[in-house]
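Presented below is the structure to which this report refers.
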Amino acid sequence: MKRVIKIFFCSFFLLLIIVVGGSWIYHSFAMKKEIASTPPPGKMVDVNGHAMHVYSEGDGEQTIVFLSGAGTSAPVLDFKPLWSALSPKYTVAVVEKAGYGWSETVEVSRGIDVILEESRSALQVADIPPPYILAAHSMSALEAIRWAQKYPDEVTAIIGLDPAVPEVYDVLPIPSSISMAAAAVFARTGMIRLVPPIVNNSAAVKSGHLSEEDMATYRSLLYRRTLTSNMIEEAKQVQTNAGKVKESGVPVEVPMYFFISDGNEVGISNWQEILTNYVGQLEHGQYLLMDVGHYVHAWEPELIAEEIDDFINSN
């Protein structure tokens with residue numbers, strides 16, 4: 001009996017090695033092909049010795065800069081339905097942080113001030129000068145608020161796309177290092193390609209606002225930009241970052257408009273209450289409660305674009 005059990009486990013692990021090894025080999029070849037067929041649509045700029053991708057469009061007098069939420073594999077495409085609706089009137093720009101989209105994955109601190117300075121430098125090198133209207137999704141709300149705290153002359157307004165303000169991190173559970181490492185291995189060995197629902201259930205794809213070509217590019221970026229080392233390091237440092245931003249207070253004089261989801265995908269029961277309380281401290285604060293998921297801009301880009309335009313023109 002022991003011999004049968006031993007044979008079973010040996011066979012199982014051998015099969016596992018074959019499947020994972022085969023997946024990794026296929027993934028490696030597929031990535032080379034995908035990278036060659038999906039060149040960056042914007043500018044690759046050098047920031048502190050590593051390449052960052054900045055996409056921009058439009059020639060409006062006011063500039064809206066989009067900052068993606070944690071773990072968003074393809075920020076340029078994730079925001080595309082929204083920035084496409086705004087680019088006829090505004091200059092729009094998407095900054096992809098290290099390890100996101102077409103930007104290089106490198107060993108660099110993910111402290112909030114480092115992230116902020118890299119975004120500022122990327123925009124400057126790309127010839128996109130301030131002031132900016134910062135449109136921040138989820139975790140990037142910390143960067144946007146920090147920007148307003150440190151460089152108030154560069155920020156004319158903040159648009160919060162279901163923004164995770166500092167108080168969120170007092171209650172939001174952070175995934176363990178083990179679970180993130182396991183998920184990263186799953187992605188980097190290409191096993192993620194064997195589970196189509198991971199891509200198909202993402203808001204960017206499911207909402208139906210992207211073209212077939214954009215969805216193909218989105219898939220390829222998700223396969224190679226899921227839980228990169230930079231994303232994992234951000235998650236590890238996020239509570240420290242949130243504490244630093246919270247310590248510096250609320251920039252009450254900066255106009256802000258929050259588009260707030262139903263909170264179901266976030267996993268915090270009082271999500272809407274936390275965000276509306278933050279807005280309530282502002283001199284010029286506004287919010288819209290929406291019956292959609294966390295990627296609010298994927299589900300209602302036209303509505304949000306109209307509201308942003310009205311808000312900017314009234315402040």
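Here, A, B, ... name the chains of the structure tokens in the order displayed, residue numbers run from 1 inside each chain, and ligands are numbered from 1 in the same displayed order.
When the distance limit is 9 Å and only C-alpha atoms are what count, the residues near Ile274 (chain A), minus those fewer than 5 positions from it on the same chain, are Val165, Glu167, Val168 and Val279 of chain A.
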Include N, CA and C atoms and write out the residues we just selected as an mmCIF file, in the first residue's frame.
```cif
data_model
loop_
_atom_site.group_PDB
_atom_site.id
_atom_site.type_symbol
_atom_site.label_atom_id
_atom_site.label_comp_id
_atom_site.auth_asym_id
_atom_site.auth_seq_id
_atom_site.Cartn_x
_atom_site.Cartn_y
_atom_site.Cartn_z
ATOM 1 N N VAL A 165 -8.468 56.346 -0.041
ATOM 2 C CA VAL A 165 -7.871 57.409 0.767
ATOM 3 C C VAL A 165 -7.147 56.784 1.959
ATOM 4 N N GLU A 167 -7.433 56.645 5.138
ATOM 5 C CA GLU A 167 -8.217 55.969 6.178
ATOM 6 C C GLU A 167 -8.644 54.561 5.780
ATOM 7 N N VAL A 168 -8.682 54.275 4.489
ATOM 8 C CA VAL A 168 -9.048 52.938 4.014
ATOM 9 C C VAL A 168 -8.098 51.885 4.570
ATOM 10 N N VAL A 279 -14.454 63.443 1.665
ATOM 11 C CA VAL A 279 -14.928 64.559 0.831
ATOM 12 C C VAL A 279 -15.549 65.659 1.701
#
```
Taking the DSSP assignment computed from this structure's backbone, write out as a PyMOL selection string all residues of region 50-282 of chain A that belong to alpha helix (DSSP H). chain A and resi 75-78+80-86+112-125+141-150+177-188+197-200+203-206+212-224+229-247+271-279
Write out as a PDB file with C-alpha atoms, in the first residue's frame the residues lying within 7 Å of region 281-297 of chain A, counting only C-alpha atoms and excluding same-chain residues fewer than 3 positions away.
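The result, written out as selection_36.pdb:
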```pdb
ATOM      1  CA  PHE A  79      -8.265  54.131 -18.706  1.00  0.00           C
ATOM      2  CA  LEU A  82     -12.408  57.498 -20.131  1.00  0.00           C
ATOM      3  CA  LEU A 161     -11.930  56.990  -9.271  1.00  0.00           C
ATOM      4  CA  ASP A 162     -13.074  54.887  -6.319  1.00  0.00           C
ATOM      5  CA  ALA A 203     -13.675  45.107 -15.883  1.00  0.00           C
ATOM      6  CA  VAL A 252      -8.734  70.824   2.059  1.00  0.00           C
ATOM      7  CA  GLU A 253      -8.227  73.642  -0.447  1.00  0.00           C
ATOM      8  CA  PRO A 255     -11.112  70.645  -5.311  1.00  0.00           C
ATOM      9  CA  MET A 256     -11.912  66.925  -5.432  1.00  0.00           C
ATOM     10  CA  TYR A 257     -14.642  64.865  -7.052  1.00  0.00           C
ATOM     11  CA  PHE A 258     -14.931  61.216  -5.972  1.00  0.00           C
ATOM     12  CA  PHE A 259     -16.717  58.594  -8.079  1.00  0.00           C
ATOM     13  CA  ILE A 260     -17.534  55.936  -5.520  1.00  0.00           C
ATOM     14  CA  SER A 261     -18.405  52.297  -6.262  1.00  0.00           C
ATOM     15  CA  ASP A 262     -20.850  50.125  -4.327  1.00  0.00           C
ATOM     16  CA  GLY A 263     -17.849  48.777  -2.383  1.00  0.00           C
ATOM     17  CA  ASN A 264     -18.659  45.105  -2.938  1.00  0.00           C
ATOM     18  CA  GLU A 265     -15.387  44.327  -4.739  1.00  0.00           C
ATOM     19  CA  VAL A 266     -13.295  46.154  -2.152  1.00  0.00           C
ATOM     20  CA  ASN A 277     -16.404  61.455   5.065  1.00  0.00           C
ATOM     21  CA  TYR A 278     -13.122  62.412   3.400  1.00  0.00           C
ATOM     22  CA  GLU A 300     -19.390  54.359 -16.871  1.00  0.00           C
ATOM     23  CA  PRO A 301     -16.716  56.265 -18.843  1.00  0.00           C
ATOM     24  CA  ILE A 304     -17.762  60.174 -15.579  1.00  0.00           C
TER      25      ILE A 304
END
```
Surrounding residues of Val108 (chain A) excluding itself and chain neighbours under 4 positions, 9 Å, only C-alpha atoms, as a PyMOL selection string: chain A and resi 98+114+230
List the neighbours of Glu154 (chain A) out to 6 Å using only C-alpha atoms; skip same-chain residues closer than 2 positions along the sequence, and give me the result as a PyMOL selection string. chain A and resi 130-132+151-152
Best match for closeness to Thr189 (chain A) among A:Arg224, A:Pro81, A:Glu306, A:Ala216, counting only C-alpha atoms: A:Arg224
With a distance cut-off of 9 Å and only C-alpha atoms, select the neighbouring residues of Ile308 (chain A), excluding the residue or stretch itself and same-chain residues fewer than 3 positions from it, and output the selection as a PDB file with all heavy atoms, in the first residue's frame.
```pdb
ATOM      1  N   LEU A  86     -12.364  62.297 -22.986  1.00  0.00           N
ATOM      2  CA  LEU A  86     -11.896  63.594 -22.502  1.00  0.00           C
ATOM      3  C   LEU A  86     -10.878  64.260 -23.424  1.00  0.00           C
ATOM      4  O   LEU A  86     -10.718  65.489 -23.398  1.00  0.00           O
ATOM      5  CB  LEU A  86     -11.271  63.436 -21.108  1.00  0.00           C
ATOM      6  CG  LEU A  86     -12.249  63.110 -19.975  1.00  0.00           C
ATOM      7  CD1 LEU A  86     -11.495  62.582 -18.749  1.00  0.00           C
ATOM      8  CD2 LEU A  86     -13.068  64.342 -19.598  1.00  0.00           C
ATOM      9  N   ILE A 159      -9.412  64.025  -9.208  1.00  0.00           N
ATOM     10  CA  ILE A 159     -10.572  63.193  -9.540  1.00  0.00           C
ATOM     11  C   ILE A 159     -10.318  61.819  -8.944  1.00  0.00           C
ATOM     12  O   ILE A 159      -9.362  61.138  -9.312  1.00  0.00           O
ATOM     13  CB  ILE A 159     -10.755  63.068 -11.074  1.00  0.00           C
ATOM     14  CG1 ILE A 159     -10.863  64.462 -11.724  1.00  0.00           C
ATOM     15  CG2 ILE A 159     -11.979  62.211 -11.385  1.00  0.00           C
ATOM     16  CD1 ILE A 159     -12.021  65.297 -11.247  1.00  0.00           C
ATOM     17  N   TYR A 257     -13.380  65.514  -6.704  1.00  0.00           N
ATOM     18  CA  TYR A 257     -14.642  64.865  -7.052  1.00  0.00           C
ATOM     19  C   TYR A 257     -14.389  63.366  -7.023  1.00  0.00           C
ATOM     20  O   TYR A 257     -13.571  62.846  -7.782  1.00  0.00           O
ATOM     21  CB  TYR A 257     -15.097  65.310  -8.448  1.00  0.00           C
ATOM     22  CG  TYR A 257     -16.517  64.904  -8.826  1.00  0.00           C
ATOM     23  CD1 TYR A 257     -17.140  65.484  -9.928  1.00  0.00           C
ATOM     24  CD2 TYR A 257     -17.235  63.943  -8.117  1.00  0.00           C
ATOM     25  CE1 TYR A 257     -18.446  65.142 -10.299  1.00  0.00           C
ATOM     26  CE2 TYR A 257     -18.528  63.592  -8.470  1.00  0.00           C
ATOM     27  CZ  TYR A 257     -19.126  64.189  -9.569  1.00  0.00           C
ATOM     28  OH  TYR A 257     -20.416  63.831  -9.931  1.00  0.00           O
ATOM     29  N   LEU A 303     -20.399  58.883 -18.616  1.00  0.00           N
ATOM     30  CA  LEU A 303     -20.991  59.621 -17.501  1.00  0.00           C
ATOM     31  C   LEU A 303     -19.905  60.326 -16.693  1.00  0.00           C
ATOM     32  O   LEU A 303     -20.029  61.516 -16.362  1.00  0.00           O
ATOM     33  CB  LEU A 303     -21.773  58.668 -16.593  1.00  0.00           C
ATOM     34  CG  LEU A 303     -22.248  59.239 -15.250  1.00  0.00           C
ATOM     35  CD1 LEU A 303     -23.218  60.388 -15.454  1.00  0.00           C
ATOM     36  CD2 LEU A 303     -22.864  58.150 -14.381  1.00  0.00           C
ATOM     37  N   ILE A 304     -18.845  59.593 -16.378  1.00  0.00           N
ATOM     38  CA  ILE A 304     -17.762  60.174 -15.579  1.00  0.00           C
ATOM     39  C   ILE A 304     -17.084  61.311 -16.330  1.00  0.00           C
ATOM     40  O   ILE A 304     -16.760  62.352 -15.743  1.00  0.00           O
ATOM     41  CB  ILE A 304     -16.746  59.081 -15.183  1.00  0.00           C
ATOM     42  CG1 ILE A 304     -17.404  58.089 -14.196  1.00  0.00           C
ATOM     43  CG2 ILE A 304     -15.496  59.689 -14.547  1.00  0.00           C
ATOM     44  CD1 ILE A 304     -16.543  56.902 -13.834  1.00  0.00           C
ATOM     45  N   ALA A 305     -16.877  61.140 -17.631  1.00  0.00           N
ATOM     46  CA  ALA A 305     -16.252  62.200 -18.442  1.00  0.00           C
ATOM     47  C   ALA A 305     -17.094  63.474 -18.411  1.00  0.00           C
ATOM     48  O   ALA A 305     -16.562  64.586 -18.265  1.00  0.00           O
ATOM     49  CB  ALA A 305     -16.059  61.728 -19.875  1.00  0.00           C
ATOM     50  N   PHE A 311     -17.364  69.539 -13.554  1.00  0.00           N
ATOM     51  CA  PHE A 311     -16.684  69.863 -12.295  1.00  0.00           C
ATOM     52  C   PHE A 311     -15.503  70.803 -12.527  1.00  0.00           C
ATOM     53  O   PHE A 311     -15.329  71.789 -11.811  1.00  0.00           O
ATOM     54  CB  PHE A 311     -16.200  68.571 -11.623  1.00  0.00           C
ATOM     55  CG  PHE A 311     -15.526  68.773 -10.297  1.00  0.00           C
ATOM     56  CD1 PHE A 311     -16.244  69.167  -9.187  1.00  0.00           C
ATOM     57  CD2 PHE A 311     -14.153  68.552 -10.159  1.00  0.00           C
ATOM     58  CE1 PHE A 311     -15.625  69.350  -7.964  1.00  0.00           C
ATOM     59  CE2 PHE A 311     -13.523  68.723  -8.932  1.00  0.00           C
ATOM     60  CZ  PHE A 311     -14.267  69.128  -7.830  1.00  0.00           C
ATOM     61  N   ILE A 312     -14.709  70.509 -13.546  1.00  0.00           N
ATOM     62  CA  ILE A 312     -13.545  71.346 -13.858  1.00  0.00           C
ATOM     63  C   ILE A 312     -13.987  72.762 -14.235  1.00  0.00           C
ATOM     64  O   ILE A 312     -13.385  73.752 -13.809  1.00  0.00           O
ATOM     65  CB  ILE A 312     -12.711  70.718 -14.986  1.00  0.00           C
ATOM     66  CG1 ILE A 312     -12.037  69.428 -14.488  1.00  0.00           C
ATOM     67  CG2 ILE A 312     -11.664  71.694 -15.514  1.00  0.00           C
ATOM     68  CD1 ILE A 312     -11.354  68.621 -15.567  1.00  0.00           C
ATOM     69  N   ASN A 313     -15.039  72.848 -15.014  1.00  0.00           N
ATOM     70  CA  ASN A 313     -15.505  74.159 -15.482  1.00  0.00           C
ATOM     71  C   ASN A 313     -16.177  74.979 -14.375  1.00  0.00           C
ATOM     72  O   ASN A 313     -16.333  76.203 -14.517  1.00  0.00           O
ATOM     73  CB  ASN A 313     -16.476  73.997 -16.657  1.00  0.00           C
ATOM     74  CG  ASN A 313     -15.768  73.524 -17.919  1.00  0.00           C
ATOM     75  OD1 ASN A 313     -14.622  73.872 -18.159  1.00  0.00           O
ATOM     76  ND2 ASN A 313     -16.442  72.708 -18.718  1.00  0.00           N
TER      77      ASN A 313
END
```
Would you pick out the contacts of Pro163 (chain A) at 7 Å or less, using only C-alpha atoms, so that residues sharing its chain but fewer than 3 positions from it are not included, and give the list as an MDAnalysis selection string? chainID A and resid 136:139 141 160
DSSP strand (DSSP E) residues within region 92-221 of chain A, listed as JSON, numbers by chain: {"A": [92, 93, 94, 95, 96, 132, 133, 134, 135, 136, 137, 155, 156, 157, 158, 159, 160, 161]}
Write out, as a tab-separated table (two decimals), in the first residue's frame, the residues just selected, with all heavy atoms.
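New file result_34.tsv:
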```tsv
chain	number	residue	atom	x	y	z
A	92	VAL	N	-4.61	64.70	-22.19
A	92	VAL	CA	-4.68	63.60	-21.24
A	92	VAL	C	-3.34	62.86	-21.26
A	92	VAL	O	-2.68	62.76	-22.29
A	92	VAL	CB	-5.83	62.62	-21.57
A	92	VAL	CG1	-7.17	63.31	-21.44
A	92	VAL	CG2	-5.67	62.01	-22.96
A	93	ALA	N	-2.96	62.36	-20.09
A	93	ALA	CA	-1.71	61.62	-19.98
A	93	ALA	C	-1.90	60.47	-19.00
A	93	ALA	O	-2.61	60.61	-18.00
A	93	ALA	CB	-0.58	62.53	-19.52
A	94	VAL	N	-1.27	59.34	-19.31
A	94	VAL	CA	-1.28	58.19	-18.41
A	94	VAL	C	0.16	57.86	-18.07
A	94	VAL	O	0.98	57.61	-18.96
A	94	VAL	CB	-1.94	56.96	-19.05
A	94	VAL	CG1	-2.00	55.81	-18.04
A	94	VAL	CG2	-3.34	57.28	-19.56
A	95	VAL	N	0.49	57.89	-16.78
A	95	VAL	CA	1.82	57.52	-16.33
A	95	VAL	C	1.77	56.07	-15.84
A	95	VAL	O	0.99	55.74	-14.95
A	95	VAL	CB	2.30	58.43	-15.17
A	95	VAL	CG1	3.68	58.00	-14.70
A	95	VAL	CG2	2.31	59.88	-15.61
A	96	GLU	N	2.60	55.23	-16.43
A	96	GLU	CA	2.67	53.83	-16.00
A	96	GLU	C	3.89	53.67	-15.09
A	96	GLU	O	5.04	53.86	-15.50
A	96	GLU	CB	2.75	52.90	-17.20
A	96	GLU	CG	1.48	52.95	-18.04
A	96	GLU	CD	1.40	51.90	-19.13
A	96	GLU	OE1	2.46	51.55	-19.70
A	96	GLU	OE2	0.29	51.44	-19.43
A	132	TYR	N	-1.59	70.06	-13.11
A	132	TYR	CA	-2.31	68.87	-13.51
A	132	TYR	C	-3.63	68.72	-12.75
A	132	TYR	O	-3.75	69.13	-11.60
A	132	TYR	CB	-1.48	67.61	-13.23
A	132	TYR	CG	-0.08	67.63	-13.77
A	132	TYR	CD1	1.01	67.54	-12.89
A	132	TYR	CD2	0.17	67.69	-15.14
A	132	TYR	CE1	2.31	67.54	-13.37
A	132	TYR	CE2	1.47	67.68	-15.62
A	132	TYR	CZ	2.54	67.61	-14.74
A	132	TYR	OH	3.84	67.60	-15.21
A	133	ILE	N	-4.57	68.09	-13.40
A	133	ILE	CA	-5.75	67.53	-12.75
A	133	ILE	C	-5.44	66.05	-12.62
A	133	ILE	O	-5.26	65.36	-13.62
A	133	ILE	CB	-7.02	67.75	-13.59
A	133	ILE	CG1	-7.30	69.25	-13.75
A	133	ILE	CG2	-8.22	67.04	-12.95
A	133	ILE	CD1	-8.16	69.57	-14.95
A	134	LEU	N	-5.32	65.56	-11.40
A	134	LEU	CA	-4.91	64.18	-11.18
A	134	LEU	C	-6.14	63.28	-11.08
A	134	LEU	O	-7.00	63.48	-10.21
A	134	LEU	CB	-4.07	64.07	-9.90
A	134	LEU	CG	-2.80	64.92	-9.86
A	134	LEU	CD1	-2.13	64.79	-8.49
A	134	LEU	CD2	-1.84	64.51	-10.97
A	135	ALA	N	-6.23	62.30	-11.98
A	135	ALA	CA	-7.32	61.33	-11.95
A	135	ALA	C	-6.75	60.01	-11.44
A	135	ALA	O	-6.06	59.29	-12.16
A	135	ALA	CB	-7.92	61.16	-13.34
A	136	ALA	N	-7.01	59.72	-10.18
A	136	ALA	CA	-6.37	58.59	-9.51
A	136	ALA	C	-7.36	57.49	-9.18
A	136	ALA	O	-8.40	57.74	-8.57
A	136	ALA	CB	-5.68	59.07	-8.23
A	137	HIS	N	-7.00	56.27	-9.56
A	137	HIS	CA	-7.84	55.12	-9.24
A	137	HIS	C	-7.28	54.38	-8.03
A	137	HIS	O	-6.08	54.15	-7.92
A	137	HIS	CB	-7.90	54.15	-10.43
A	137	HIS	CG	-8.67	52.89	-10.14
A	137	HIS	ND1	-8.17	51.64	-10.38
A	137	HIS	CD2	-9.91	52.71	-9.60
A	137	HIS	CE1	-9.07	50.73	-10.02
A	137	HIS	NE2	-10.13	51.36	-9.54
A	155	VAL	N	-1.09	71.01	-8.67
A	155	VAL	CA	-2.35	70.25	-8.67
A	155	VAL	C	-3.53	71.20	-8.60
A	155	VAL	O	-3.73	71.89	-7.59
A	155	VAL	CB	-2.40	69.26	-7.49
A	155	VAL	CG1	-3.71	68.46	-7.51
A	155	VAL	CG2	-1.20	68.32	-7.51
A	156	THR	N	-4.32	71.24	-9.66
A	156	THR	CA	-5.50	72.12	-9.66
A	156	THR	C	-6.75	71.40	-9.16
A	156	THR	O	-7.68	72.05	-8.69
A	156	THR	CB	-5.76	72.67	-11.07
A	156	THR	OG1	-5.90	71.57	-11.98
A	156	THR	CG2	-4.61	73.54	-11.53
A	157	ALA	N	-6.77	70.08	-9.25
A	157	ALA	CA	-7.92	69.31	-8.77
A	157	ALA	C	-7.55	67.83	-8.75
A	157	ALA	O	-6.58	67.41	-9.39
A	157	ALA	CB	-9.14	69.52	-9.67
A	158	ILE	N	-8.30	67.07	-7.98
A	158	ILE	CA	-8.13	65.61	-7.93
A	158	ILE	C	-9.46	64.95	-8.26
A	158	ILE	O	-10.50	65.28	-7.67
A	158	ILE	CB	-7.64	65.13	-6.55
A	158	ILE	CG1	-6.20	65.62	-6.30
A	158	ILE	CG2	-7.70	63.61	-6.44
A	158	ILE	CD1	-5.67	65.31	-4.91
A	159	ILE	N	-9.41	64.03	-9.21
A	159	ILE	CA	-10.57	63.19	-9.54
A	159	ILE	C	-10.32	61.82	-8.94
A	159	ILE	O	-9.36	61.14	-9.31
A	159	ILE	CB	-10.76	63.07	-11.07
A	159	ILE	CG1	-10.86	64.46	-11.72
A	159	ILE	CG2	-11.98	62.21	-11.39
A	159	ILE	CD1	-12.02	65.30	-11.25
A	160	GLY	N	-11.13	61.42	-7.99
A	160	GLY	CA	-10.96	60.13	-7.35
A	160	GLY	C	-11.84	59.07	-8.01
A	160	GLY	O	-13.06	59.16	-7.98
A	161	LEU	N	-11.21	58.10	-8.64
A	161	LEU	CA	-11.93	56.99	-9.27
A	161	LEU	C	-11.95	55.83	-8.29
A	161	LEU	O	-11.02	55.02	-8.22
A	161	LEU	CB	-11.24	56.61	-10.59
A	161	LEU	CG	-11.15	57.76	-11.61
A	161	LEU	CD1	-10.24	57.39	-12.77
A	161	LEU	CD2	-12.54	58.16	-12.11
```
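Closest to Ala164 (chain A) among A:Gln272, A:Ser84, A:Gln149, A:Thr217 is A:Gln272, based on only C-alpha atoms.
Minimum atom-to-atom distances from A:Ser220, A:Thr226, A:Ser87, A:Asn201 to Thr38 (chain A) were compared using only C-alpha atoms, and the lowest value belongs to A:Ser220.
Of note, CA of Glu213 (chain A) and CA of Val195 (chain A) are spaced 20.4 Å apart.
Atom to atom, CA of Tyr218 (chain A) and CA of Leu77 (chain A) stand 6.7 Å apart.
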